[in-house]
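Asker: Structure file my_file27.txt (compact mmCIF, C-alpha atoms) is given on the next line.
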```
# COMPACT_ATOMS: atom_id res chain seq x y z
CA MET A 1 0.66 -49.94 -20.55
CA PRO A 2 3.08 -52.73 -19.79
CA LEU A 3 2.09 -53.20 -16.17
CA ALA A 4 -1.28 -54.58 -15.22
CA ASP A 5 -3.40 -52.66 -12.77
CA THR A 6 -3.36 -53.88 -9.20
CA VAL A 7 -6.71 -55.14 -8.07
CA MET A 8 -7.95 -55.98 -4.58
CA TYR A 9 -11.01 -58.17 -4.04
CA GLU A 10 -13.36 -58.29 -1.07
CA GLU A 11 -12.56 -61.85 0.02
CA GLU A 12 -8.78 -61.48 -0.06
CA PHE A 13 -8.99 -58.05 1.53
CA LYS A 14 -10.71 -59.61 4.55
CA GLN A 15 -8.01 -62.30 4.79
CA ILE A 16 -5.29 -59.67 4.58
CA GLN A 17 -6.91 -57.54 7.28
CA GLU A 18 -7.16 -60.58 9.55
CA ILE A 19 -3.54 -61.57 9.09
CA LEU A 20 -2.43 -57.99 9.64
CA SER A 21 -4.52 -57.54 12.82
CA ARG A 22 -3.22 -60.80 14.23
CA LEU A 23 0.34 -59.81 13.42
CA ARG A 24 -0.13 -56.49 15.19
CA GLN A 25 -1.54 -58.13 18.30
CA GLU A 26 1.04 -60.89 18.47
CA SER A 27 3.91 -58.51 18.00
CA ASN A 28 2.53 -55.88 20.41
CA ALA A 29 2.92 -53.27 17.70
CA ARG A 30 1.16 -49.92 17.54
CA ALA A 31 0.20 -50.28 13.90
CA ALA A 32 0.77 -52.41 10.82
CA PHE A 33 0.41 -51.31 7.20
CA LEU A 34 0.62 -52.89 3.79
CA VAL A 35 1.64 -50.65 0.93
CA ASP A 36 2.35 -51.41 -2.71
CA ARG A 37 5.66 -50.42 -4.26
CA ASN A 38 4.06 -47.40 -5.90
CA GLY A 39 3.03 -45.96 -2.57
CA GLN A 40 -0.63 -46.92 -2.50
CA GLN A 41 -1.91 -48.14 0.83
CA ILE A 42 -3.45 -51.61 0.66
CA ALA A 43 -4.45 -52.24 4.27
CA ALA A 44 -3.89 -50.80 7.73
CA THR A 45 -4.61 -51.70 11.31
CA GLY A 46 -3.63 -50.14 14.61
CA GLU A 47 -4.41 -47.87 17.52
CA ASN A 48 -5.44 -44.27 16.76
CA LEU A 49 -5.14 -44.87 13.04
CA GLU A 50 -7.33 -41.86 12.30
CA THR A 51 -4.76 -39.54 13.85
CA MET A 52 -2.05 -40.90 11.61
CA ASP A 53 -1.44 -39.61 8.09
CA SER A 54 -1.36 -43.06 6.55
CA THR A 55 -1.44 -41.79 2.94
CA SER A 56 1.81 -39.89 3.47
CA LEU A 57 3.24 -42.83 5.38
CA ALA A 58 2.52 -45.08 2.39
CA SER A 59 4.07 -42.77 -0.17
CA LEU A 60 7.18 -42.03 1.92
CA THR A 61 7.67 -45.71 2.70
CA ALA A 62 7.53 -46.59 -0.98
CA GLY A 63 10.03 -43.82 -1.73
CA ASN A 64 12.27 -45.09 1.02
CA VAL A 65 12.12 -48.68 -0.23
CA ALA A 66 12.66 -47.59 -3.83
CA SER A 67 15.77 -45.56 -3.00
CA THR A 68 17.18 -48.26 -0.72
CA ASP A 69 16.56 -50.80 -3.45
CA ALA A 70 18.46 -48.67 -5.95
CA LEU A 71 21.29 -48.36 -3.40
CA ALA A 72 21.41 -52.14 -3.02
CA LYS A 73 21.71 -52.61 -6.77
CA LEU A 74 24.42 -49.96 -6.87
CA ILE A 75 26.64 -52.03 -4.59
CA GLY A 76 25.75 -55.31 -6.29
CA GLU A 77 23.13 -56.58 -3.84
CA LYS A 78 19.81 -57.97 -5.07
CA GLU A 79 17.86 -56.04 -2.45
CA PHE A 80 17.83 -55.02 1.20
CA SER A 81 14.84 -57.00 2.32
CA ILE A 82 14.48 -55.34 5.72
CA LEU A 83 14.78 -51.69 6.76
CA PHE A 84 14.74 -50.69 10.39
CA HIS A 85 14.42 -47.14 11.70
CA GLU A 86 15.00 -46.64 15.39
CA GLY A 87 13.58 -43.62 17.16
CA GLU A 88 13.56 -42.44 20.77
CA LYS A 89 10.10 -43.84 21.37
CA ASP A 90 8.83 -45.34 18.17
CA ASN A 91 10.45 -47.56 15.60
CA LEU A 92 9.64 -48.65 12.08
CA HIS A 93 10.27 -52.11 10.69
CA ILE A 94 9.86 -52.23 6.92
CA SER A 95 10.04 -55.45 4.94
CA LEU A 96 9.19 -56.75 1.50
CA ILE A 97 6.63 -59.48 0.94
CA GLY A 98 7.07 -61.54 -2.18
CA GLY A 99 9.19 -58.76 -3.67
CA LYS A 100 6.21 -56.55 -4.45
CA ILE A 101 4.34 -55.59 -1.30
CA ILE A 102 5.79 -53.55 1.54
CA MET A 103 4.90 -54.24 5.15
CA VAL A 104 5.40 -51.50 7.72
CA ILE A 105 5.27 -52.19 11.46
CA LEU A 106 5.23 -49.28 13.89
CA PHE A 107 6.17 -50.28 17.42
CA ASP A 108 7.35 -48.81 20.73
CA GLU A 109 8.89 -50.09 23.96
CA ARG A 110 6.03 -52.54 24.50
CA SER A 111 7.60 -54.68 21.79
CA SER A 112 11.07 -55.47 20.52
CA LEU A 113 12.85 -55.80 17.21
CA GLY A 114 13.31 -59.53 17.79
CA LEU A 115 9.62 -60.14 18.42
CA VAL A 116 8.59 -58.02 15.43
CA ARG A 117 10.99 -59.85 13.13
CA LEU A 118 9.75 -63.22 14.29
CA ARG A 119 6.07 -62.39 13.80
CA VAL A 120 6.67 -60.60 10.52
CA ARG A 121 8.36 -63.66 9.10
CA LYS A 122 5.38 -65.84 9.94
CA ALA A 123 2.81 -63.37 8.60
CA SER A 124 4.83 -62.79 5.42
CA GLY A 125 4.39 -66.39 4.39
CA GLU A 126 0.63 -66.21 4.89
CA LEU A 127 0.34 -62.90 3.06
CA THR A 128 2.42 -64.15 0.13
CA ALA A 129 -0.12 -66.94 -0.34
CA VAL A 130 -3.01 -64.45 -0.37
CA PHE A 131 -1.29 -62.17 -2.89
CA GLU A 132 -0.56 -65.15 -5.10
CA ALA A 133 -4.24 -66.02 -4.98
CA ILE A 134 -5.11 -62.46 -6.06
CA ASP A 135 -2.67 -62.69 -8.97
CA ARG A 136 -4.23 -65.98 -10.08
CA LYS A 137 -7.72 -64.55 -9.85
CA GLN A 138 -6.71 -61.49 -11.83
CA ALA A 139 -5.03 -63.61 -14.50
CA GLU A 140 -8.13 -65.78 -14.81
CA GLU A 141 -10.37 -62.77 -15.17
CA ARG A 142 -8.10 -61.24 -17.75
CA ALA A 143 -8.18 -64.49 -19.70
CA LYS A 144 -11.96 -64.34 -19.59
CA GLY A 145 -11.71 -60.89 -21.12
CA GLY A 146 -12.39 -58.59 -18.21
CA THR A 147 -14.69 -58.82 -15.26
CA ALA A 148 -18.43 -58.68 -15.49
CA GLU A 149 -18.51 -56.64 -12.32
CA SER A 150 -15.99 -54.08 -13.58
CA PRO A 151 -17.56 -50.67 -13.18
CA PHE A 152 -15.10 -48.94 -15.48
CA ALA A 153 -16.10 -50.32 -18.82
CA GLU A 154 -19.17 -48.16 -18.62
CA ILE A 155 -17.60 -44.92 -17.46
CA THR A 156 -19.02 -42.14 -19.56
CA ASP A 157 -17.56 -38.75 -20.38
CA ALA A 158 -20.30 -37.27 -18.22
CA ASP A 159 -19.08 -39.33 -15.22
CA ILE A 160 -15.57 -38.02 -15.73
CA ASP A 161 -16.75 -34.44 -16.18
CA SER A 162 -18.78 -34.61 -13.00
CA LEU A 163 -15.59 -35.25 -11.02
CA PHE A 164 -14.34 -31.85 -12.03
CA SER A 165 -17.55 -29.91 -11.81
CA SER A 166 -17.04 -28.71 -8.24
CA MET B 1 -0.43 -48.83 -12.63
CA THR B 2 -3.83 -47.98 -11.21
CA PHE B 3 -4.75 -49.60 -7.92
CA ILE B 4 -8.37 -50.73 -7.84
CA ASN B 5 -9.68 -51.79 -4.48
CA TYR B 6 -13.02 -53.56 -4.79
CA ALA B 7 -13.20 -54.06 -1.04
CA SER B 8 -12.99 -50.40 -0.06
CA ARG B 9 -14.31 -49.26 -3.48
CA GLU B 10 -11.42 -47.00 -4.34
CA ILE B 11 -9.40 -46.26 -7.45
CA ASN B 12 -5.93 -44.80 -6.95
CA CYS B 13 -3.95 -43.34 -9.84
CA LYS B 14 -0.43 -41.96 -9.88
CA LEU B 15 0.30 -38.81 -11.92
CA VAL B 16 3.81 -37.45 -12.34
CA TYR B 17 4.96 -33.89 -13.07
CA TYR B 18 8.17 -33.98 -15.10
CA GLY B 19 10.37 -31.26 -16.56
CA PRO B 20 13.59 -29.28 -16.23
CA GLY B 21 14.82 -27.82 -12.94
CA LEU B 22 13.09 -24.61 -11.76
CA GLY B 23 10.39 -25.05 -14.38
CA GLY B 24 7.50 -24.87 -11.90
CA LYS B 25 6.54 -28.49 -11.14
CA THR B 26 6.49 -27.96 -7.39
CA THR B 27 4.70 -24.62 -7.90
CA ASN B 28 1.92 -26.44 -9.79
CA LEU B 29 1.45 -28.76 -6.82
CA GLN B 30 1.58 -25.92 -4.31
CA TYR B 31 -1.15 -24.06 -6.16
CA ILE B 32 -3.35 -27.16 -6.33
CA TYR B 33 -2.78 -27.69 -2.63
CA GLU B 34 -3.71 -24.10 -1.75
CA LYS B 35 -6.86 -24.07 -3.84
CA THR B 36 -8.26 -27.47 -2.96
CA ASN B 37 -10.95 -27.98 -0.37
CA PRO B 38 -9.36 -29.38 2.85
CA ASP B 39 -11.62 -32.48 2.71
CA ALA B 40 -10.36 -33.39 -0.72
CA LYS B 41 -6.64 -33.26 -0.09
CA GLY B 42 -3.99 -34.78 2.09
CA LYS B 43 -0.75 -33.24 3.21
CA LEU B 44 1.65 -31.81 0.64
CA ILE B 45 4.97 -33.48 1.26
CA SER B 46 8.11 -31.93 -0.17
CA LEU B 47 11.42 -33.67 0.12
CA ALA B 48 13.54 -30.64 -0.68
CA THR B 49 17.03 -29.32 -0.04
CA GLU B 50 17.72 -26.40 2.29
CA THR B 51 17.44 -24.09 -0.68
CA ASP B 52 13.98 -25.44 -1.55
CA ARG B 53 15.07 -27.44 -4.56
CA THR B 54 13.28 -30.77 -4.90
CA LEU B 55 15.58 -33.50 -3.67
CA PHE B 56 13.48 -36.61 -4.13
CA PHE B 57 9.82 -35.78 -4.78
CA ASP B 58 6.79 -33.73 -3.79
CA PHE B 59 3.66 -35.67 -3.07
CA LEU B 60 0.04 -34.56 -2.90
CA PRO B 61 -2.91 -36.93 -2.57
CA LEU B 62 -6.19 -35.59 -4.02
CA GLU B 63 -9.63 -37.07 -3.79
CA LEU B 64 -11.87 -35.90 -6.58
CA GLY B 65 -15.12 -37.65 -5.75
CA THR B 66 -16.91 -40.83 -6.75
CA ILE B 67 -17.26 -42.41 -10.11
CA ARG B 68 -19.65 -45.34 -10.38
CA GLY B 69 -19.50 -45.77 -6.61
CA PHE B 70 -15.71 -45.79 -6.50
CA ARG B 71 -13.80 -43.07 -4.64
CA THR B 72 -11.34 -41.64 -7.12
CA ARG B 73 -7.98 -40.63 -5.76
CA PHE B 74 -5.06 -39.12 -7.58
CA HIS B 75 -1.58 -39.19 -6.13
CA LEU B 76 0.41 -36.34 -7.63
CA TYR B 77 4.18 -36.57 -7.65
CA THR B 78 6.88 -34.26 -8.97
CA VAL B 79 10.36 -35.38 -9.88
CA PRO B 80 13.52 -33.44 -9.06
CA GLY B 81 14.33 -31.54 -12.25
CA GLN B 82 18.04 -31.08 -11.81
CA VAL B 83 20.02 -33.21 -14.23
CA PHE B 84 22.09 -35.08 -11.65
CA TYR B 85 19.05 -36.50 -9.82
CA ASP B 86 18.31 -38.93 -12.63
CA ALA B 87 18.34 -42.02 -10.42
CA SER B 88 15.53 -40.52 -8.31
CA ARG B 89 13.49 -39.59 -11.37
CA LYS B 90 13.58 -43.18 -12.58
CA LEU B 91 12.22 -44.40 -9.26
CA ILE B 92 9.34 -41.94 -9.23
CA LEU B 93 8.24 -42.81 -12.76
CA LYS B 94 7.68 -46.44 -11.78
CA GLY B 95 4.02 -47.32 -11.72
CA CYS B 96 2.82 -43.95 -13.00
CA ASP B 97 -0.44 -43.72 -14.91
CA GLY B 98 0.18 -40.43 -16.66
CA VAL B 99 2.70 -37.62 -17.06
CA ILE B 100 2.48 -33.82 -17.20
CA PHE B 101 5.56 -32.22 -18.70
CA VAL B 102 6.09 -28.72 -17.32
CA ALA B 103 8.24 -26.81 -19.81
CA ASP B 104 9.89 -23.50 -18.94
CA SER B 105 8.94 -20.89 -21.56
CA GLN B 106 12.06 -18.77 -21.14
CA GLU B 107 14.28 -18.75 -24.17
CA ALA B 108 17.34 -19.59 -22.08
CA ARG B 109 15.69 -22.78 -20.88
CA MET B 110 14.75 -24.26 -24.24
CA ASP B 111 17.75 -26.58 -24.32
CA ALA B 112 16.94 -27.73 -20.80
CA ASN B 113 13.35 -28.47 -21.90
CA VAL B 114 14.54 -30.56 -24.83
CA GLU B 115 17.04 -32.43 -22.70
CA SER B 116 14.47 -33.14 -19.98
CA LEU B 117 11.89 -34.38 -22.50
CA LYS B 118 14.43 -36.73 -24.00
CA ASN B 119 15.29 -37.87 -20.50
CA LEU B 120 11.60 -38.57 -19.83
CA VAL B 121 11.27 -40.67 -22.98
CA ASP B 122 14.43 -42.63 -22.11
CA ASN B 123 13.49 -43.20 -18.48
CA LEU B 124 10.00 -44.32 -19.41
CA LYS B 125 11.47 -46.71 -21.92
CA SER B 126 13.79 -48.25 -19.34
CA ALA B 127 10.76 -48.73 -17.07
CA GLY B 128 8.90 -50.48 -19.88
CA TYR B 129 6.65 -47.60 -20.96
CA GLU B 130 6.25 -45.70 -24.21
CA LEU B 131 5.39 -42.02 -23.97
CA LYS B 132 3.58 -42.37 -27.30
CA SER B 133 0.98 -44.67 -25.80
CA MET B 134 0.52 -43.16 -22.35
CA PRO B 135 -1.72 -40.41 -20.99
CA TYR B 136 0.38 -37.28 -21.43
CA VAL B 137 -0.14 -33.52 -21.50
CA LEU B 138 2.25 -30.63 -21.97
CA GLN B 139 2.29 -27.34 -20.06
CA PHE B 140 4.20 -24.26 -21.19
CA ASN B 141 4.80 -22.52 -17.90
CA LYS B 142 5.92 -18.95 -17.15
CA ARG B 143 3.99 -17.46 -20.08
CA ASP B 144 4.02 -14.09 -18.28
CA LEU B 145 7.77 -13.64 -18.60
CA PRO B 146 9.03 -11.18 -21.24
CA THR B 147 11.51 -13.72 -22.57
CA ALA B 148 8.83 -16.35 -23.20
CA VAL B 149 9.26 -18.10 -26.54
CA PRO B 150 6.10 -17.98 -28.76
CA VAL B 151 3.79 -20.97 -28.27
CA GLU B 152 4.03 -22.09 -31.91
CA GLU B 153 7.78 -22.21 -31.71
CA MET B 154 7.76 -24.15 -28.44
CA SER B 155 5.18 -26.59 -29.82
CA LYS B 156 7.33 -27.26 -32.83
CA VAL B 157 10.26 -28.24 -30.61
CA LEU B 158 8.53 -29.92 -27.69
CA ARG B 159 5.35 -31.52 -28.98
CA TYR B 160 5.93 -35.27 -28.84
CA LYS B 161 2.67 -36.61 -30.19
CA ASP B 162 -0.79 -35.13 -30.44
CA GLU B 163 -0.87 -34.18 -26.75
CA GLU B 164 -2.90 -31.26 -25.49
CA ILE B 165 -0.85 -28.16 -24.69
CA PHE B 166 -1.68 -25.71 -21.91
CA GLU B 167 -0.26 -22.26 -21.32
CA GLY B 168 0.44 -21.65 -17.68
CA VAL B 169 1.62 -19.19 -15.08
CA ALA B 170 1.87 -21.59 -12.18
CA VAL B 171 2.67 -18.96 -9.53
CA LYS B 172 -0.66 -17.29 -10.30
CA GLY B 173 -2.47 -20.55 -10.92
CA THR B 174 -3.13 -19.93 -14.60
CA GLY B 175 -3.54 -23.22 -16.45
CA VAL B 176 -2.72 -25.33 -13.41
CA PHE B 177 -6.09 -27.00 -12.89
CA GLU B 178 -6.76 -27.16 -16.63
CA THR B 179 -3.57 -29.18 -17.10
CA LEU B 180 -4.33 -31.52 -14.20
CA LYS B 181 -7.89 -32.02 -15.32
CA ALA B 182 -6.84 -32.92 -18.86
CA LEU B 183 -4.41 -35.56 -17.64
CA ALA B 184 -6.81 -37.00 -15.07
CA LYS B 185 -9.39 -37.39 -17.82
CA LEU B 186 -6.95 -39.20 -20.08
CA VAL B 187 -6.01 -41.57 -17.25
CA LEU B 188 -9.65 -42.40 -16.53
CA VAL B 189 -10.38 -42.93 -20.20
CA GLU B 190 -7.40 -45.30 -20.32
CA LEU B 191 -8.91 -47.21 -17.39
CA LYS B 192 -12.08 -47.60 -19.39
CA LYS B 193 -10.15 -48.98 -22.35
CA THR B 194 -8.14 -51.55 -20.44
CA LYS B 195 -11.05 -53.03 -18.51
```
Any chance you could give the structure as structure tokens?

Answerer:
Amino acid sequence: MPLADTVMYEEEFKQIQEILSRLRQESNARAAFLVDRNGQQIAATGENLETMDSTSLASLTAGNVASTDALAKLIGEKEFSILFHEGEKDNLHISLIGGKIIMVILFDERSSLGLVRLRVRKASGELTAVFEAIDRKQAEERAKGGTAESPFAEITDADIDSLFSS
Amino acid sequence: MTFINYASREINCKLVYYGPGLGGKTTNLQYIYEKTNPDAKGKLISLATETDRTLFFDFLPLELGTIRGFRTRFHLYTVPGQVFYDASRKLILKGCDGVIFVADSQEARMDANVESLKNLVDNLKSAGYELKSMPYVLQFNKRDLPTAVPVEEMSKVLRYKDEEIFEGVAVKGTGVFETLKALAKLVLVELKKTK
């Protein structure tokens, strides 16, 4: 396959969660999510998260970004880096981090678009640095010829079969 | 492009159902959704037109269980089959780990099958993939219809490599899980190879 798998490590995951939580607090948002461009959720923080269907949110956001991106190219733009959806109560602010990660901020009247934009810009810089660190780590491990801790090298047919036994 | 999260110990894979319009891609997903334990599935999302034709995609997250301590999740997507939605199909193929091609067995749809398969190969190529080297299975759907073309004949026209072929009647669930299981296995085996 031409594209490398995306990997998330413990240490960077903690950093990402911290940045995201701080961003949510400082911007008075209800929730903040990070999603990859294929619709997989990377991290989430917010109030009543368990009541929210964050898997669907991730996949729909990625679809939204992908179609908007195609629209941008259609009219000769490189990308639309920010999408904003305004509702009666709740709003969504969607932005791209380093061109490959999508950040979604859900906020209501306790915050404002201006505040969210300001805080998102600051957090984006910090998150870009973390994702660059992950890329470097992954490249190093690939150069070493795979990770020692990788659990997948030893997957057996029996392991795979057991997934489908029920 | 599988997403492996060492922090939350999860593996997420993206599987795509491809094929001509009205071939039964969405029906495959609906059957899986109906028959899966509520704990193991998320919501089935269908972005469809007023006449229930897929407009952008259907999406169903499935959690199959743990493998070596990692929760294994599959995100199933369908593409819109109608020819003029090609731009959307290209977007959905991005980052996919494996493809199920749902062919319509009716004689009148053979040309549409061939065209859609060619479209799949082309779109994969433009996304940097080769169908030859990716996890791929083929489903001949609607085997119960009287106009169904014999399997040997369909294989001759539609088999792209040495992929496994399943006979299906998606509305009744025949072959649906068998097809999914075969692709999921291939994707996991691929994961083993690349690590």

Asker: Have a look at atom CA of Glu163 of chain B and atom CA of Lys193 of chain B and let me know their distance in Å, one decimal.

Answerer: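 Distance between the two atoms: 18.0 Å.
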
Asker: Using only C-alpha atoms, which residues sit within 9 Å of segment 85-100 of chain A once same-chain residues fewer than 4 positions away are excluded, as a PyMOL selection string?

Answerer: chain A and resi 30+36-37+61+65+80-81+104-109+113+116-117+120+124-125+127-128+131-132

Asker: Once you count all atoms listed in the file, which residues of chain B turn out to be within 9 Å of chain A? Could you give them as a short mmCIF file (atom, residue, chain, number, x, y, z; two decimals) with C-alpha atoms, in the frame of the given file?

Answerer:
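The resulting file, out_30.cif, is reproduced below:
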```cif
data_model
loop_
_atom_site.label_atom_id
_atom_site.label_comp_id
_atom_site.auth_asym_id
_atom_site.auth_seq_id
_atom_site.Cartn_x
_atom_site.Cartn_y
_atom_site.Cartn_z
CA MET B 1 -0.43 -48.83 -12.63
CA THR B 2 -3.83 -47.98 -11.21
CA PHE B 3 -4.75 -49.60 -7.92
CA ILE B 4 -8.37 -50.73 -7.84
CA ASN B 5 -9.68 -51.79 -4.48
CA TYR B 6 -13.02 -53.56 -4.79
CA ALA B 7 -13.20 -54.06 -1.04
CA SER B 8 -12.99 -50.40 -0.06
CA ASN B 12 -5.93 -44.80 -6.95
CA CYS B 13 -3.95 -43.34 -9.84
CA LYS B 14 -0.43 -41.96 -9.88
CA GLY B 42 -3.99 -34.78 2.09
CA LYS B 43 -0.75 -33.24 3.21
CA LEU B 44 1.65 -31.81 0.64
CA ILE B 45 4.97 -33.48 1.26
CA PHE B 56 13.48 -36.61 -4.13
CA PHE B 57 9.82 -35.78 -4.78
CA PHE B 59 3.66 -35.67 -3.07
CA LEU B 60 0.04 -34.56 -2.90
CA PRO B 61 -2.91 -36.93 -2.57
CA LEU B 64 -11.87 -35.90 -6.58
CA GLY B 65 -15.12 -37.65 -5.75
CA THR B 66 -16.91 -40.83 -6.75
CA ILE B 67 -17.26 -42.41 -10.11
CA ARG B 68 -19.65 -45.34 -10.38
CA GLY B 69 -19.50 -45.77 -6.61
CA PHE B 70 -15.71 -45.79 -6.50
CA THR B 72 -11.34 -41.64 -7.12
CA HIS B 75 -1.58 -39.19 -6.13
CA ALA B 87 18.34 -42.02 -10.42
CA SER B 88 15.53 -40.52 -8.31
CA LEU B 91 12.22 -44.40 -9.26
CA ILE B 92 9.34 -41.94 -9.23
CA LYS B 94 7.68 -46.44 -11.78
CA GLY B 95 4.02 -47.32 -11.72
CA CYS B 96 2.82 -43.95 -13.00
CA ASP B 97 -0.44 -43.72 -14.91
CA GLY B 128 8.90 -50.48 -19.88
CA TYR B 129 6.65 -47.60 -20.96
CA GLU B 130 6.25 -45.70 -24.21
CA SER B 133 0.98 -44.67 -25.80
CA MET B 134 0.52 -43.16 -22.35
CA LYS B 181 -7.89 -32.02 -15.32
CA ALA B 184 -6.81 -37.00 -15.07
CA LYS B 185 -9.39 -37.39 -17.82
CA LEU B 188 -9.65 -42.40 -16.53
CA VAL B 189 -10.38 -42.93 -20.20
CA LEU B 191 -8.91 -47.21 -17.39
CA LYS B 192 -12.08 -47.60 -19.39
CA LYS B 193 -10.15 -48.98 -22.35
CA THR B 194 -8.14 -51.55 -20.44
CA LYS B 195 -11.05 -53.03 -18.51
#
```

Asker: So that I can see what lies close to Asp111 of chain B, please list as an NGL selection string the residues with an atom at most 12 Å from it, counting all atoms listed in the file and leaving out residues fewer than 5 positions away in the same chain.

Answerer: :B and (19-21 or 103-106 or 116-118 or 154 or 157-158)

Asker: Which value, in Å to one decimal, gives the distance between atom CA of Thr78 of chain B and atom CA of Lys172 of chain B?

Answerer: 18.6 Å

Asker: Between atom CA of Ile16 of chain A and atom CA of Ala72 of chain A, what is the distance, to one decimal in Å?

Answerer: 28.8 Å

Asker: Name the closest residue to Thr26 of chain B among the candidates B:Pro150, B:Pro135, B:Gly168, B:Pro80; distances are taken between atoms, counting all atoms listed in the file.

Answerer: B:Pro80

Asker: Might I get the box with edges along x, y and z of the file that holds all atoms of segment 61-73 of chain B listed there, padded by 6 Å on every side, given as centre and edge lengths in Å to one decimal, as lines of an AutoDock Vina configuration file?

Answerer:
```
center_x = -11.3
center_y = -40.7
center_z = -6.5
size_x = 28.7
size_y = 22.2
size_z = 19.8
```

Asker: Measuring between all atoms listed in the file, which one of B:Gly81, B:Gly175, B:Pro146, B:Gly98 shows the shortest distance to Leu22 of chain B?

Answerer: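 Among the listed residues, the smallest separation from Leu22 of chain B belongs to B:Gly81.
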